[in-house]
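K.L.:
Compact mmCIF, C-alpha atoms, file entry34.txt:
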# COMPACT_ATOMS: atom_id res chain seq x y z
CA VAL V 1 0.51 -16.40 -39.27
CA ILE V 2 1.89 -19.95 -38.98
CA ARG V 3 2.20 -19.65 -35.19
CA LYS V 4 -1.39 -18.39 -34.99
CA LEU V 5 -2.72 -21.25 -37.13
CA ALA V 6 -0.71 -23.78 -35.10
CA LYS V 7 -2.19 -22.50 -31.84
CA GLU V 8 -5.72 -22.61 -33.27
CA LEU V 9 -5.14 -26.19 -34.47
CA ASN V 10 -3.80 -27.21 -31.05
CA MET V 11 -6.87 -25.70 -29.42
CA VAL V 12 -9.19 -27.66 -31.69
CA LEU V 13 -7.29 -30.90 -31.06
CA ALA V 14 -7.31 -30.31 -27.30
CA TYR V 15 -11.04 -29.62 -27.36
CA LEU V 16 -11.75 -32.80 -29.35
CA GLU V 17 -9.61 -34.85 -26.97
CA ARG V 18 -11.52 -33.56 -23.96
CA ALA V 19 -14.83 -34.03 -25.72
CA LYS V 20 -14.23 -37.77 -26.28
CA GLY V 21 -15.04 -38.61 -22.69
CA ASN V 22 -16.86 -35.47 -21.69
CA ILE V 23 -19.89 -35.14 -23.94
CA VAL V 24 -22.57 -33.28 -22.00
CA SER V 25 -26.21 -33.30 -23.02
CA ASN V 26 -28.28 -30.14 -23.05
CA THR V 27 -30.29 -31.51 -20.13
CA ASP V 28 -27.16 -31.17 -17.96
CA MET V 29 -26.70 -27.51 -18.86
CA LEU V 30 -28.48 -24.32 -17.88
CA GLN V 31 -29.21 -22.40 -21.07
CA LEU V 32 -30.36 -18.86 -20.43
CA ALA V 33 -33.22 -17.74 -22.67
CA ALA V 34 -33.61 -14.03 -23.41
CA GLU V 35 -36.59 -13.59 -21.09
CA ALA V 36 -34.87 -15.33 -18.17
CA GLU V 37 -31.69 -13.34 -18.78
CA ALA V 38 -33.65 -10.09 -18.68
CA ARG V 39 -35.36 -11.09 -15.42
CA ALA V 40 -32.05 -12.05 -13.82
CA ARG V 41 -30.45 -8.78 -14.91
CA GLY V 42 -33.32 -6.86 -13.36
CA ILE V 43 -32.79 -8.59 -10.01
CA LEU V 44 -29.00 -8.64 -9.89
CA PHE V 45 -28.02 -5.40 -11.57
CA SER V 46 -30.17 -2.62 -10.16
CA SER V 47 -28.93 0.96 -10.12
CA PRO V 48 -27.32 1.51 -7.72
CA ARG V 49 -26.37 -2.12 -7.08
CA GLU V 50 -27.60 -3.74 -3.89
CA LEU V 51 -26.83 -6.88 -1.93
CA SER V 52 -29.58 -9.38 -1.24
CA GLY V 53 -30.99 -9.68 2.25
CA ARG V 54 -29.50 -13.13 2.76
CA ILE V 55 -25.99 -11.93 1.94
CA LEU V 56 -26.28 -8.97 4.31
CA SER V 57 -27.60 -11.25 7.02
CA ALA V 58 -24.72 -13.71 6.56
CA ILE V 59 -22.11 -10.93 6.73
CA ASP V 60 -23.77 -9.52 9.85
CA GLU V 61 -23.70 -12.92 11.53
CA CYS V 62 -19.98 -13.27 10.78
CA LEU V 63 -19.19 -9.82 12.11
CA ASN V 64 -21.16 -10.52 15.28
CA GLU V 65 -19.03 -13.62 15.78
CA TYR V 66 -15.56 -12.33 14.87
CA GLU V 67 -15.40 -8.54 14.64
CA GLY V 68 -12.96 -6.79 16.99
CA GLU V 69 -13.40 -3.50 18.80
CA ASN V 70 -12.00 -1.36 15.98
CA SER V 71 -12.23 -2.87 12.51
CA ALA V 72 -11.30 0.44 10.89
CA SER V 73 -7.82 0.28 12.44
CA PHE V 74 -7.01 -2.75 10.26
CA VAL V 75 -8.17 -0.95 7.13
CA ASP V 76 -6.09 2.10 8.08
CA GLU V 77 -3.03 -0.11 8.31
CA TRP V 78 -3.72 -1.77 4.97
CA TYR V 79 -4.21 1.57 3.21
CA ARG V 80 -1.07 3.16 4.64
CA SER V 81 1.35 0.25 4.30
CA ALA V 82 3.15 -0.80 1.12
CA ASP V 83 3.74 -4.28 2.55
CA VAL V 84 1.71 -7.32 1.62
CA ALA V 85 -1.31 -7.37 3.93
CA SER V 86 -1.22 -9.84 6.79
CA TYR V 87 -4.53 -11.24 7.94
CA ASP V 88 -3.19 -12.90 11.06
CA SER V 89 -6.32 -12.80 13.23
CA THR V 90 -9.99 -13.55 12.77
CA ALA V 91 -10.72 -9.93 13.75
CA ALA V 92 -8.63 -8.77 10.76
CA ALA V 93 -10.39 -11.25 8.46
CA ALA V 94 -13.78 -10.06 9.71
CA ALA V 95 -12.75 -6.43 9.13
CA TYR V 96 -11.83 -7.36 5.56
CA LEU V 97 -15.21 -9.08 5.08
CA GLY V 98 -17.11 -6.04 6.30
CA ALA V 99 -14.98 -3.47 4.47
CA TYR V 100 -14.46 -5.16 1.11
CA GLY V 101 -16.92 -8.07 1.03
CA PRO V 102 -19.94 -6.21 -0.38
CA ARG V 103 -17.99 -4.76 -3.31
CA SER V 104 -16.26 -8.08 -4.01
CA ILE V 105 -19.57 -9.95 -4.07
CA LEU V 106 -21.04 -7.59 -6.65
CA LYS V 107 -17.91 -7.90 -8.82
CA TYR V 108 -18.06 -11.71 -8.68
CA GLN V 109 -21.69 -11.69 -9.75
CA GLU V 110 -21.18 -9.31 -12.67
CA ALA V 111 -18.10 -11.19 -13.90
CA VAL V 112 -19.57 -14.71 -13.74
CA PHE V 113 -22.87 -13.54 -15.23
CA ALA V 114 -20.91 -12.01 -18.13
CA LEU V 115 -19.21 -15.38 -18.67
CA LEU V 116 -22.59 -17.12 -18.67
CA VAL V 117 -23.98 -14.69 -21.25
CA ILE V 118 -20.94 -15.13 -23.54
CA LYS V 119 -20.99 -18.94 -23.27
CA GLY V 120 -24.76 -19.22 -23.38
CA ARG V 121 -24.75 -22.09 -20.90
CA LEU V 122 -23.54 -23.29 -17.50
CA PRO V 123 -23.46 -26.79 -15.95
CA LYS V 124 -26.48 -27.25 -13.70
CA HIS V 125 -24.11 -28.97 -11.29
CA VAL V 126 -21.02 -26.78 -11.35
CA ARG V 127 -17.76 -27.17 -9.44
CA ILE V 128 -15.81 -23.96 -8.92
CA ILE V 129 -12.37 -23.33 -7.42
CA ASP V 130 -11.92 -19.87 -5.91
CA TYR V 131 -8.19 -19.19 -5.54
CA GLY V 132 -7.44 -16.40 -3.08
CA ALA V 133 -10.90 -16.87 -1.61
CA GLY V 134 -10.32 -14.70 1.47
CA PRO V 135 -13.42 -14.94 3.70
CA CYS V 136 -15.18 -16.81 0.86
CA VAL V 137 -17.27 -13.96 -0.49
CA GLY V 138 -17.25 -15.89 -3.78
CA PHE V 139 -19.40 -18.60 -2.24
CA GLY V 140 -21.95 -16.04 -1.11
CA ALA V 141 -21.94 -14.30 -4.50
CA LEU V 142 -22.38 -17.53 -6.47
CA VAL V 143 -24.98 -19.11 -4.22
CA ASP V 144 -27.00 -15.91 -4.37
CA MET V 145 -26.67 -15.53 -8.16
CA LEU V 146 -27.50 -19.16 -8.87
CA GLY V 147 -30.49 -18.79 -6.58
CA VAL V 148 -31.69 -15.93 -8.78
CA LEU V 149 -31.12 -18.01 -11.93
CA HIS V 150 -33.06 -20.88 -10.32
CA LYS V 151 -36.03 -18.58 -9.75
CA CYS V 152 -35.83 -17.12 -13.26
CA THR V 153 -35.53 -20.46 -15.08
CA GLY V 154 -37.14 -23.02 -12.77
CA GLU V 155 -34.07 -25.23 -13.21
CA SER V 156 -32.53 -27.15 -10.32
CA LEU V 157 -28.98 -25.91 -9.80
CA GLU V 158 -26.13 -27.12 -7.60
CA ILE V 159 -22.72 -25.68 -6.74
CA GLU V 160 -19.62 -27.32 -5.29
CA TYR V 161 -17.28 -24.60 -4.08
CA VAL V 162 -13.60 -25.00 -3.21
CA GLY V 163 -12.09 -21.97 -1.49
CA ILE V 164 -8.29 -21.72 -1.33
CA ASP V 165 -6.42 -19.07 0.63
CA ARG V 166 -3.06 -18.37 2.31
CA SER V 167 -4.61 -17.16 5.59
CA GLU V 168 -5.95 -19.56 8.21
CA SER V 169 -7.91 -16.69 9.77
CA MET V 170 -9.58 -15.90 6.45
CA LEU V 171 -10.56 -19.54 6.06
CA GLU V 172 -11.98 -19.68 9.59
CA VAL V 173 -14.16 -16.63 9.03
CA GLY V 174 -14.94 -17.92 5.55
CA GLU V 175 -16.17 -21.23 6.93
CA HIS V 176 -18.64 -19.36 9.13
CA PHE V 177 -19.79 -17.21 6.21
CA CYS V 178 -20.23 -20.27 3.97
CA ARG V 179 -22.24 -22.03 6.66
CA CYS V 180 -24.52 -19.01 7.05
CA MET V 181 -25.04 -18.74 3.28
CA LYS V 182 -25.68 -22.47 2.88
CA GLU V 183 -28.43 -22.29 5.49
CA LYS V 184 -30.10 -19.49 3.53
CA ALA V 185 -29.60 -20.95 0.04
CA ASP V 186 -32.47 -22.08 -2.17
CA ILE V 187 -30.20 -24.27 -4.31
CA GLU V 188 -28.02 -27.25 -3.42
CA ALA V 189 -24.67 -25.93 -2.18
CA SER V 190 -21.57 -27.51 -0.66
CA TYR V 191 -18.15 -26.10 0.15
CA GLU V 192 -14.62 -27.18 0.97
CA LEU V 193 -11.94 -24.81 2.26
CA VAL V 194 -8.24 -25.51 1.70
CA HIS V 195 -5.07 -23.76 2.81
CA VAL V 196 -2.90 -22.90 -0.18
CA THR V 197 -0.04 -25.09 1.08
CA ASP V 198 -2.34 -28.11 1.03
CA PHE V 199 -3.46 -27.61 -2.58
CA ALA V 200 -1.78 -29.72 -5.25
CA HIS V 201 -4.42 -30.87 -7.74
CA ASP V 202 -8.19 -30.82 -8.19
CA THR V 203 -10.99 -31.04 -10.73
CA ALA V 204 -13.33 -28.17 -11.55
CA HIS V 205 -15.39 -26.60 -14.32
CA MET V 206 -14.35 -23.07 -13.42
CA LEU V 207 -11.42 -21.31 -11.79
CA ILE V 208 -11.89 -17.88 -10.25
CA VAL V 209 -8.83 -15.86 -9.25
CA ALA V 210 -9.75 -12.64 -7.49
CA ASN V 211 -7.61 -9.93 -5.90
CA VAL V 212 -4.49 -12.10 -5.95
CA MET V 213 -2.41 -10.96 -8.92
CA ASN V 214 -1.61 -7.41 -7.85
CA ASP V 215 0.99 -5.41 -5.95
CA GLY V 216 -1.06 -5.52 -2.74
CA GLU V 217 -0.51 -9.28 -2.67
CA GLY V 218 3.09 -9.05 -3.86
CA ASN V 219 2.33 -10.55 -7.30
CA LEU V 220 3.33 -8.03 -9.97
CA ASP V 221 3.39 -10.50 -12.85
CA CYS V 222 0.15 -12.42 -13.35
CA TYR V 223 1.33 -15.25 -15.58
CA PRO V 224 3.81 -17.03 -13.20
CA LEU V 225 1.04 -17.40 -10.64
CA LEU V 226 -1.73 -18.37 -13.04
CA ALA V 227 0.05 -20.86 -15.32
CA PRO V 228 0.87 -23.59 -12.76
CA LEU V 229 -2.55 -23.15 -11.19
CA VAL V 230 -4.29 -23.84 -14.49
CA LYS V 231 -2.16 -26.96 -15.02
CA ALA V 232 -3.12 -28.27 -11.57
CA ILE V 233 -6.85 -28.37 -12.35
CA SER V 234 -8.34 -31.16 -14.47
CA GLY V 235 -11.49 -30.68 -16.52
CA LEU V 236 -11.09 -26.91 -16.46
CA GLU V 237 -13.36 -25.13 -18.92
CA ASP V 238 -13.39 -21.49 -17.84
CA ILE V 239 -11.19 -19.00 -15.99
CA VAL V 240 -12.39 -15.75 -14.46
CA VAL V 241 -9.75 -13.28 -13.28
CA ILE V 242 -10.98 -10.31 -11.23
CA GLU V 243 -8.35 -7.81 -10.16
CA PRO V 244 -8.21 -4.20 -8.93
CA ALA V 245 -8.59 -1.39 -11.44
CA THR V 246 -4.99 -0.32 -10.81
CA GLU V 247 -2.66 -0.06 -13.77
CA GLN V 248 -0.33 -3.01 -13.13
CA PRO V 249 -2.88 -5.85 -13.26
CA SER V 250 -5.25 -4.12 -15.67
CA ARG V 251 -2.67 -3.92 -18.44
CA GLN V 252 -2.07 -7.70 -18.23
CA MET V 253 -5.65 -8.95 -18.44
CA CYS V 254 -6.09 -9.17 -22.22
CA SER V 255 -2.83 -11.05 -22.82
CA LEU V 256 -3.03 -13.68 -20.08
CA ALA V 257 -4.42 -16.42 -22.32
CA ASN V 258 -1.63 -16.08 -24.89
CA THR V 259 0.76 -18.12 -22.77
CA LEU V 260 -1.70 -20.69 -21.35
CA GLY V 261 -1.72 -23.29 -24.12
CA SER V 262 -5.26 -24.14 -25.29
CA VAL V 263 -6.86 -21.34 -23.24
CA LEU V 264 -8.56 -18.60 -25.26
CA HIS V 265 -9.34 -15.04 -24.15
CA ILE V 266 -13.09 -14.60 -24.75
CA GLY V 267 -13.97 -11.33 -23.02
CA PRO V 268 -14.93 -8.78 -21.97
CA CYS V 269 -13.02 -7.60 -25.07
CA PRO V 270 -12.35 -10.42 -27.55
CA SER V 271 -8.91 -9.09 -28.43
CA GLY V 272 -7.73 -12.28 -30.12
CA GLU V 273 -4.01 -12.96 -29.74
CA SER V 274 -2.95 -9.34 -29.71
CA ALA V 275 -0.55 -8.35 -26.95
CA CYS V 276 -3.01 -5.75 -25.68
CA THR V 277 -1.85 -3.63 -22.75
CA GLU V 278 -4.75 -1.19 -22.58
CA TRP V 279 -5.53 0.05 -19.06
CA SER V 280 -9.12 -1.17 -19.14
CA PHE V 281 -11.42 -1.37 -16.16
CA ARG V 282 -15.08 -1.01 -15.32
CA GLN V 283 -16.87 0.80 -12.51
CA PHE V 284 -20.40 0.96 -11.18
CA TYR V 285 -22.15 2.48 -8.19
CA LYS V 286 -23.62 0.61 -5.26
CA ARG V 287 -25.54 1.24 -2.10
CA VAL V 288 -23.36 1.86 0.96
CA TYR V 289 -24.21 -0.20 4.06
CA PRO V 290 -23.66 0.70 7.73
CA LEU V 291 -21.44 -2.34 8.27
CA GLU V 292 -19.12 -1.09 5.51
CA CYS V 293 -18.91 2.37 7.07
CA ARG V 294 -18.08 0.87 10.44
CA CYS V 295 -15.31 -1.33 9.05
CA LEU V 296 -13.87 1.23 6.63
CA GLY V 297 -13.88 4.17 9.02
CA GLN V 298 -12.46 7.26 7.32
CA TRP V 299 -12.28 5.38 4.02
CA ALA V 300 -16.04 4.73 3.91
CA SER V 301 -16.59 6.97 0.88
CA ALA V 302 -14.79 4.36 -1.23
CA ALA V 303 -17.64 1.89 -0.64
CA ARG V 304 -19.91 3.69 -3.09
CA VAL V 305 -17.96 2.71 -6.21
CA CYS V 306 -16.90 -0.73 -7.46
CA LYS V 307 -13.91 -0.73 -9.82
CA TYR V 308 -12.23 -3.77 -11.30
CA SER V 309 -10.34 -5.20 -14.25
CA LEU V 310 -11.37 -8.53 -15.74
CA ALA V 311 -10.27 -11.39 -17.97
CA LEU V 312 -12.63 -14.13 -19.10
CA MET V 313 -10.92 -17.17 -20.61
CA SER V 314 -12.11 -20.56 -21.80
CA THR V 315 -10.90 -23.86 -23.20
CA VAL V 316 -14.28 -24.72 -24.76
CA SER V 317 -16.04 -21.48 -25.73
CA ASN V 318 -15.73 -18.99 -28.56
CA PRO V 319 -14.91 -15.33 -27.88
CA ARG V 320 -17.61 -12.77 -27.21
CA PRO V 321 -19.32 -12.20 -30.59
CA LEU V 322 -19.06 -8.79 -32.22
CA PRO V 323 -21.51 -7.46 -34.83
CA GLU V 324 -20.01 -6.51 -38.17
CA ASP V 325 -19.31 -2.92 -37.14
CA GLY V 326 -19.18 -3.57 -33.39
CA ARG V 327 -16.36 -2.37 -31.17
CA VAL V 328 -15.79 -2.85 -27.43
CA VAL V 329 -15.25 0.26 -25.33
CA VAL V 330 -12.01 -0.42 -23.44
CA GLY V 331 -11.04 3.02 -22.15
CA GLN V 332 -12.65 5.39 -19.69
CA PRO V 333 -14.79 7.99 -21.52
CA SER V 334 -13.41 11.52 -21.35
CA ALA V 335 -15.49 14.51 -20.27
CA SER V 336 -16.04 15.31 -23.95
CA GLY V 337 -17.24 11.76 -24.71
CA TRP V 338 -14.16 10.25 -26.36
CA ALA V 339 -13.02 6.75 -25.46
CA MET V 340 -10.65 4.09 -26.76
CA THR V 341 -12.43 1.20 -28.45
CA CYS V 342 -11.16 -2.14 -29.71
CA ARG V 343 -12.12 -4.68 -32.32
CA GLN V 344 -10.05 -7.88 -32.07
CA GLY V 345 -6.93 -5.99 -31.09
CA GLN V 346 -7.39 -3.04 -33.46
CA LYS V 347 -7.72 0.16 -31.41
CA GLN V 348 -9.63 3.29 -32.37
CA LEU V 349 -10.44 6.44 -30.44
CA MET V 350 -14.15 7.23 -30.88
CA ARG V 351 -16.75 9.65 -29.64
CA ILE V 352 -19.32 7.51 -27.83
CA ALA V 353 -22.90 8.17 -26.84
CA PRO V 354 -23.78 9.32 -23.30
CA GLY V 355 -24.28 6.47 -20.85
CA VAL V 356 -21.93 4.05 -22.63
CA THR V 357 -19.42 2.50 -20.23
CA PRO V 358 -16.31 0.31 -20.58
CA TRP V 359 -16.94 -3.18 -22.00
CA ASP V 360 -20.15 -2.11 -23.72
CA ILE V 361 -20.31 -2.85 -27.46
CA VAL V 362 -20.93 0.15 -29.72
CA ASN V 363 -21.51 0.52 -33.45
CA GLY V 364 -19.50 2.63 -35.87
CA ASN V 365 -21.33 5.76 -34.69
CA GLY V 366 -20.49 5.13 -31.02
CA HIS V 367 -24.03 4.14 -30.03
CA LEU V 368 -24.71 1.26 -27.64
CA ILE V 369 -25.47 -2.10 -29.21
CA ARG V 370 -25.34 -4.07 -25.93
Produce C-alpha cells that represent the structure in this file.
P.N.:
Amino acid sequence: VIRKLAKELNMVLAYLERAKGNIVSNTDMLQLAAEAEARARGILFSSPRELSGRILSAIDECLNEYEGENSASFVDEWYRSADVASYDSTAAAAAYLGAYGPRSILKYQEAVFALLVIKGRLPKHVRIIDYGAGPCVGFGALVDMLGVLHKCTGESLEIEYVGIDRSESMLEVGEHFCRCMKEKADIEASYELVHVTDFAHDTAHMLIVANVMNDGEGNLDCYPLLAPLVKAISGLEDIVVIEPATEQPSRQMCSLANTLGSVLHIGPCPSGESACTEWSFRQFYKRVYPLECRCLGQWASAARVCKYSLALMSTVSNPRPLPEDGRVVVGQPSASGWAMTCRQGQKQLMRIAPGVTPWDIVNGNGHLIR
C-alpha cells in the first residue's frame, strides 16, 4: 500500500512539475465532441475495415517504384525462418509495405483513436515519434486519420512525424511513401526519418512503438527496450505500444507501465498496478486488396484479419473510466460465449452477449456498455 501511494504521489509531483512550464489552453487542443466522434468512427471503422483511396494510391506508387519481380518470395522467407528478418534491399522493404502495410495502418488508426477517446483531447499541432517505423506506415495512418478528424471537427490540425528504424532500405521506401502521403494530405504534415543508430534524444508529445518488441525482431522482453527510449524523449505525454497478438508480447502489455516511473497504464484495460499477464488481443476483419495478395502470395488469406495486442500509457491522463459495474473483456470469447473480464486487475470469467469483442466494456450481465 505504501509503495502504491508513493508512486501515485510521485506521479502527481511529476505532473505538476511539467505543468509549470507547459500549460496548454483549450484552444491549442482538439477536443472531440460526441457528434464528431460518431462521424469519425463511421468513416474510419467500417465493417469490414477499408483503407482510404489516398493511402492505397500512395502504397501503389511506392510499389511501382521499388517492388521486385517476386515480392512473395520475401514473405515466404520471413514466414519460414526463425531468424530476425533482414530488410536489406528496397525490394524487400516494398514487399513488406505491400504485404503488411494495410493491416498495420488500420491497427495504428484504431489504437491512436482509442487513446484520443480515453484522453478526450489531442494537441492540434502534435509531434509523434514512431520507433520501428519500417516503411513509415504510421505516417500514412496518422495523416489520414487526422484528415478525417479535420473534416469532422473543422479544426486545423498539424502533425510532425519522426520515423526511426534499423533498416536503411525501409527508410528509403518510407521516405517515398511519406512524400506521396504528404502530397495527398488535407492537413499540415511534415516528416523526418532517422536511422536508429543516429537517435539519441528528441522531444515529442507521443511515442508509438509498433512491431518491435517481439520474437520476430529478437526482443523477447519489452521493458529493456522501452525504458531507455522513454527516458530519451522530452515532453512525452503518451505512449502507444502495438505488437503482434502472439503470446510473448501480449502477456507483457498490461504491466509495462509499472516500471516506467511516472507513466501510467490507461488502456485498453485500466488494470491499475496489477502484474497482469493475461493473453489479451483484439481482432477485426478488413477488405483484402490485390496488392496484398500479390505481395503475400500463398499467405494472402492472412490479409483478411487484423490481430494485435496493445498498451496505452500516459504521463498526464487518467485511466480509461469504468462505470460502477463495468468490466473490460480481455479474453477471446469461447464458442459458448464465455470470456475473461477484468476490472482494475480483478479477473472474472463471464458469459458475454453476442457481438462483444475484446476491450469492449460490459456490465454485470455481460452486455455491451461501449
K.L.:
Tell me, in Å to one decimal, how far CA of Cys178 (chain V) is from CA of His125 (chain V).
P.N.:
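Atom-to-atom, CA of Cys178 (chain V) to CA of His125 (chain V), that is 18.0 Å.
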K.L.:
Which one is closest to Ser250 (chain V): V:Leu310, V:Val209, V:Leu226, V:Ala302? Count only C-alpha atoms.
P.N.:
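Looking only at the distances to Ser250 (chain V), the closest residue turns out to be V:Leu310.
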K.L.:
Work out how far apart CA of Phe74 (chain V) and CA of Leu97 (chain V) are and give it in Å to one decimal.
P.N.:
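Answer for the CA of Phe74 (chain V) to CA of Leu97 (chain V) separation: 11.6 Å.
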K.L.:
Can you check which parts of region 217-260 of chain V lie within 12 Å of region 150-174 of chain V? Per residue, the shortest pair of atoms and distance in Å to one decimal, counting only C-alpha atoms, sorted by chain and number, as a Markdown table.
P.N.:
| residue | atom | partner | partner_atom | distance |
| --- | --- | --- | --- | --- |
| V:Glu217 | CA | V:Arg166 | CA | 10.7 |
| V:Leu229 | CA | V:Ile164 | CA | 11.5 |
| V:Ile233 | CA | V:Val162 | CA | 11.9 |
K.L.:
Which residues come within 10 Å of Gly101 (chain V), counting all atoms listed in the file, excluding same-chain residues fewer than 6 positions away, as an mmCIF file with C-alpha atoms, keeping the file's coordinate frame?
P.N.:
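The result, written out as part_26.cif:
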data_model
loop_
_atom_site.group_PDB
_atom_site.id
_atom_site.type_symbol
_atom_site.label_atom_id
_atom_site.label_comp_id
_atom_site.auth_asym_id
_atom_site.auth_seq_id
_atom_site.Cartn_x
_atom_site.Cartn_y
_atom_site.Cartn_z
ATOM 1 C CA ILE V 55 -25.990 -11.930 1.940
ATOM 2 C CA LEU V 56 -26.280 -8.970 4.310
ATOM 3 C CA ILE V 59 -22.110 -10.930 6.730
ATOM 4 C CA ALA V 94 -13.780 -10.060 9.710
ATOM 5 C CA ALA V 95 -12.750 -6.430 9.130
ATOM 6 C CA LYS V 107 -17.910 -7.900 -8.820
ATOM 7 C CA GLY V 134 -10.320 -14.700 1.470
ATOM 8 C CA PRO V 135 -13.420 -14.940 3.700
ATOM 9 C CA CYS V 136 -15.180 -16.810 0.860
ATOM 10 C CA VAL V 137 -17.270 -13.960 -0.490
ATOM 11 C CA GLY V 138 -17.250 -15.890 -3.780
ATOM 12 C CA GLY V 140 -21.950 -16.040 -1.110
ATOM 13 C CA ALA V 141 -21.940 -14.300 -4.500
ATOM 14 C CA GLU V 292 -19.120 -1.090 5.510
#
K.L.:
To one decimal place, how far is CA of Ala227 (chain V) from CA of Lys307 (chain V) in Å?
P.N.:
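Rounded to one decimal, the two atoms are 25.1 Å apart.
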K.L.:
Show which residues sit within 8 Å of Val117 (chain V), as a list in words. Count all atoms listed in the file, and ignore same-chain residues fewer than 4 positions away.
P.N.:
Leu32, Phe113 and Arg121 of chain V
K.L.:
Hey, what's within 10 Å of Asp238 (chain V) if we count only C-alpha atoms and toss same-chain stuff fewer than 6 positions away? As a VMD selection string, please?
P.N.:
chain V and resid 115 119 128 204 to 208 230 263 to 266 312 to 317
K.L.:
Taking all atoms listed in the file into account, name the residue in V:Asp221, V:Ala72, V:Leu322, V:Arg39 that is nearest to Leu296 (chain V).
P.N.:
V:Ala72
K.L.:
Tell me which residues come within 8 Å of (-18.5, -6.5, -21.1), as a list in words, counting all atoms listed in the file in the file's coordinates.
P.N.:
Ala114, Gly267, Pro268, Cys269, Val328, Pro358, Trp359, Asp360 and Ile361 of chain V
K.L.:
When distances are computed from all atoms listed in the file, which of V:Leu30, V:Ala133, V:Ile105, V:Ala99 shows the smallest separation from Leu193 (chain V)?
P.N.:
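Ranked by minimum distance to Leu193 (chain V), first place goes to V:Ala133.
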K.L.:
When distances are computed from all atoms listed in the file, which of V:Arg80, V:Lys231, V:Arg304, V:Arg282 shows the smallest separation from Glu243 (chain V)?
P.N.:
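Ranked by minimum distance to Glu243 (chain V), first place goes to V:Arg282.
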K.L.:
Determine the nearest neighbour of Ala200 (chain V) from the options V:Ser57, V:Ser234, V:Ser89, V:Gln332, counting all atoms listed in the file.
P.N.:
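Answer, going by the shortest atom-to-atom distance: V:Ser234.
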